[in-house]
Amino acid sequence: MKILLQFPEGLKQKALAKAKELEAEGNWVAISASPTFGACDLALDEARAIGADKLVHFGHSEFCKADFNVEYVECSISAPLGVLPLSVEPLDGLRRICLLTTIQHVHQLPEIGKFYESKGHEVVLNEPTGATRKPGQLLGCDAGNVAELDGSVDAFVYFGGGTFHPTGALMQTTKPFFSVDPFRMNVERLDRIRAERARRSKGRIVSALTARSFGILVSTKSGQYHMELATALAKSVEDAGLVAAILVANTFDFESLGNLLEFDAFVNTACPRLAPDDNGRLRKPLLSAEELKTVLDLRNQK
Ligand code: SF4
């Protein structure tokens, strides 16, 4: 069989060994060297270009159906649990907690849950919806039913590294939100990020109020392609008497976007984390679809 292997950045170090293992079984194997951002980012074009029979995507659960033979290989990583005692005091008095983590650590949630139960907490897990597949799983763009749980838990506890994954969930809650990072041995409240994001969003909206031309970003990544939404957004801009054009790329390069000097603002329909996370790298405002709607509403009221 002709196979293309695709690994996210943190797992690329395992690519050669896996390729040799599959070759020893009689397969022809190539490795995608492109950056990989998630299971939304399947290397389908590369697989088709080399005539592969199958794409094997490591490290993520299925994100959306693909019209290609794709095998997902989830990679569990057992993080050290020594950080858990550091979270006991900060969580004191917060009885019902919702545990969240990435697909790599979902298998550790029963053990982590038992730890917190032994400290008197009632533990719940978010339920998968949309692109999440397992109870307790978070994606940067999908937090399962976290918003529904907001009214019934006292706090959310994210177990894992970094702030990319928990930030999407954080924005759907009003409750105390803790990050318990087993790699940095650190426990911290992430609640301040809500206010920061709201302030940045307001800034983007204000700076786009005088924009006359809008570039609507459409990514060709398998799970990020939203041409229908982009077309509707472009129409709403033109209906407001302004200029819009659809801009297509697989991965958006902010330097190249910056060279599109005729555009006063951009609107993101790709990974929903692109606008809030990368806005500082562009000199022009990069709006979400909701922020564009606010901009157009505010202009209408003038
Ligand atoms: S957050 Fe962005 S990169 Fe991650 S799975 Fe969602 S669309 Fe893909």
# chains A, B, ... in the order shown; residues from 1 in each chain; ligands from 1
call {"tool": "closest_atom_pairs", "arguments": {"of": "chain A", "to": "ligand 1", "cutoff": "7 Å", "atoms": "only C-alpha atoms and all ligand atoms", "output": "CSV"}}
result
residue,atom,partner,partner_atom_place_in_ligand_line,distance
A:Phe37,CA,ligand 1,3 (S),4.8
A:Gly38,CA,ligand 1,8 (Fe),4.7
A:Ala39,CA,ligand 1,5 (S),5.9
A:Cys40,CA,ligand 1,8 (Fe),4.5
A:Asp41,CA,ligand 1,8 (Fe),6.5
A:Leu139,CA,ligand 1,5 (S),5.7
A:Gly140,CA,ligand 1,1 (S),3.7
A:Cys141,CA,ligand 1,1 (S),4.0
A:Asp142,CA,ligand 1,6 (Fe),6.7
A:Gly223,CA,ligand 1,7 (S),6.6
A:Gln224,CA,ligand 1,7 (S),5.8
A:Ala270,CA,ligand 1,7 (S),6.9
A:Cys271,CA,ligand 1,7 (S),3.9
A:Pro272,CA,ligand 1,2 (Fe),6.0
A:Arg273,CA,ligand 1,1 (S),5.8
call {"tool": "closest_atom_pairs", "arguments": {"of": "region 212-239 of chain A", "to": "region 246-266 of chain A", "cutoff": "9 Å", "atoms": "only C-alpha atoms", "output": "CSV"}}
result
residue,atom,partner,partner_atom,distance
A:Arg212,CA,A:Asp264,CA,6.4
A:Ser213,CA,A:Phe263,CA,5.1
A:Phe214,CA,A:Ala265,CA,5.0
A:Gly215,CA,A:Phe266,CA,4.6
A:Ile216,CA,A:Ile246,CA,4.7
A:Leu217,CA,A:Leu247,CA,4.9
A:Val218,CA,A:Val248,CA,4.9
A:Ser219,CA,A:Asn250,CA,5.0
A:Thr220,CA,A:Asn250,CA,4.8
A:Lys221,CA,A:Asn250,CA,5.6
A:Met227,CA,A:Ile246,CA,8.7
A:Ala230,CA,A:Ile246,CA,7.0
A:Thr231,CA,A:Ile246,CA,7.6
A:Ala234,CA,A:Ile246,CA,7.3
call {"tool": "write_last_selection", "arguments": {"atoms": "C-alpha atoms", "output": "compact mmCIF listing (two decimals), in the first residue's frame"}}
result
# COMPACT_ATOMS: atom_id res chain seq x y z
CA ARG A 212 -13.90 50.44 3.33
CA SER A 213 -12.46 47.20 1.92
CA PHE A 214 -12.57 43.78 3.59
CA GLY A 215 -10.65 40.61 2.67
CA ILE A 216 -12.57 37.51 3.74
CA LEU A 217 -10.13 34.67 4.56
CA VAL A 218 -10.98 31.14 3.39
CA SER A 219 -8.59 28.33 4.27
CA THR A 220 -8.49 25.25 2.02
CA LYS A 221 -7.60 23.04 5.00
CA MET A 227 -16.69 29.16 1.56
CA ALA A 230 -17.31 33.64 3.50
CA THR A 231 -19.62 34.29 0.54
CA ALA A 234 -18.75 39.21 1.56
call {"tool": "residues_around", "arguments": {"residues": "Thr101 (chain A)", "least_positions_apart": "2", "cutoff": "10 Å", "atoms": "only C-alpha atoms", "output": "ChimeraX atom specification"}}
result
/A:99,103-109,125-126,135-139,143,157-161,165-166,179-180
call {"tool": "closest_residue", "arguments": {"among": "A:Gly241, A:Ile112, A:Ser222, A:Gly130", "to": "Ala79 (chain A)", "atoms": "only C-alpha atoms"}}
result
A:Ile112
call {"tool": "select_by_dssp", "arguments": {"residues": "region 38-154 of chain A", "states": "alpha helix (DSSP H)", "output": "list in words"}}
result
Leu44, Asp45, Glu46, Ala47, Arg48, Ala49, Leu109, Pro110, Glu111, Ile112, Gly113, Lys114, Phe115, Tyr116, Glu117, Ser118, Val146, Ala147, Glu148 and Leu149 of chain A
call {"tool": "residues_around", "arguments": {"residues": "Ala240 (chain A)", "least_positions_apart": "4", "cutoff": "12 Å", "atoms": "only C-alpha atoms", "output": "PyMOL selection string"}}
result
chain A and resi 211-214+233-236+244+292-293+295-301
call {"tool": "write_last_selection", "arguments": {"atoms": "C-alpha atoms", "output": "mmCIF file, in the first residue's frame"}}
result
data_model
loop_
_atom_site.group_PDB
_atom_site.id
_atom_site.type_symbol
_atom_site.label_atom_id
_atom_site.label_comp_id
_atom_site.auth_asym_id
_atom_site.auth_seq_id
_atom_site.Cartn_x
_atom_site.Cartn_y
_atom_site.Cartn_z
ATOM 1 C CA ALA A 211 -12.526 50.298 6.868
ATOM 2 C CA ARG A 212 -13.902 50.440 3.326
ATOM 3 C CA SER A 213 -12.459 47.202 1.922
ATOM 4 C CA PHE A 214 -12.573 43.785 3.586
ATOM 5 C CA LEU A 233 -20.026 37.665 4.797
ATOM 6 C CA ALA A 234 -18.750 39.206 1.555
ATOM 7 C CA LYS A 235 -22.363 39.879 0.534
ATOM 8 C CA SER A 236 -23.134 41.538 3.878
ATOM 9 C CA ALA A 244 -15.200 42.760 -0.206
ATOM 10 C CA LEU A 292 -17.742 41.932 11.375
ATOM 11 C CA LYS A 293 -21.466 41.838 12.115
ATOM 12 C CA VAL A 295 -18.886 46.563 12.781
ATOM 13 C CA LEU A 296 -21.600 46.617 10.103
ATOM 14 C CA ASP A 297 -24.365 47.131 12.706
ATOM 15 C CA LEU A 298 -22.496 50.041 14.265
ATOM 16 C CA ARG A 299 -21.913 51.628 10.847
ATOM 17 C CA ASN A 300 -25.626 51.301 10.107
ATOM 18 C CA GLN A 301 -26.489 53.183 13.281
#
call {"tool": "closest_residue", "arguments": {"among": "A:Gly162, A:Pro285, A:Pro80, A:Pro128", "to": "Glu148 (chain A)", "atoms": "only C-alpha atoms"}}
result
A:Pro128
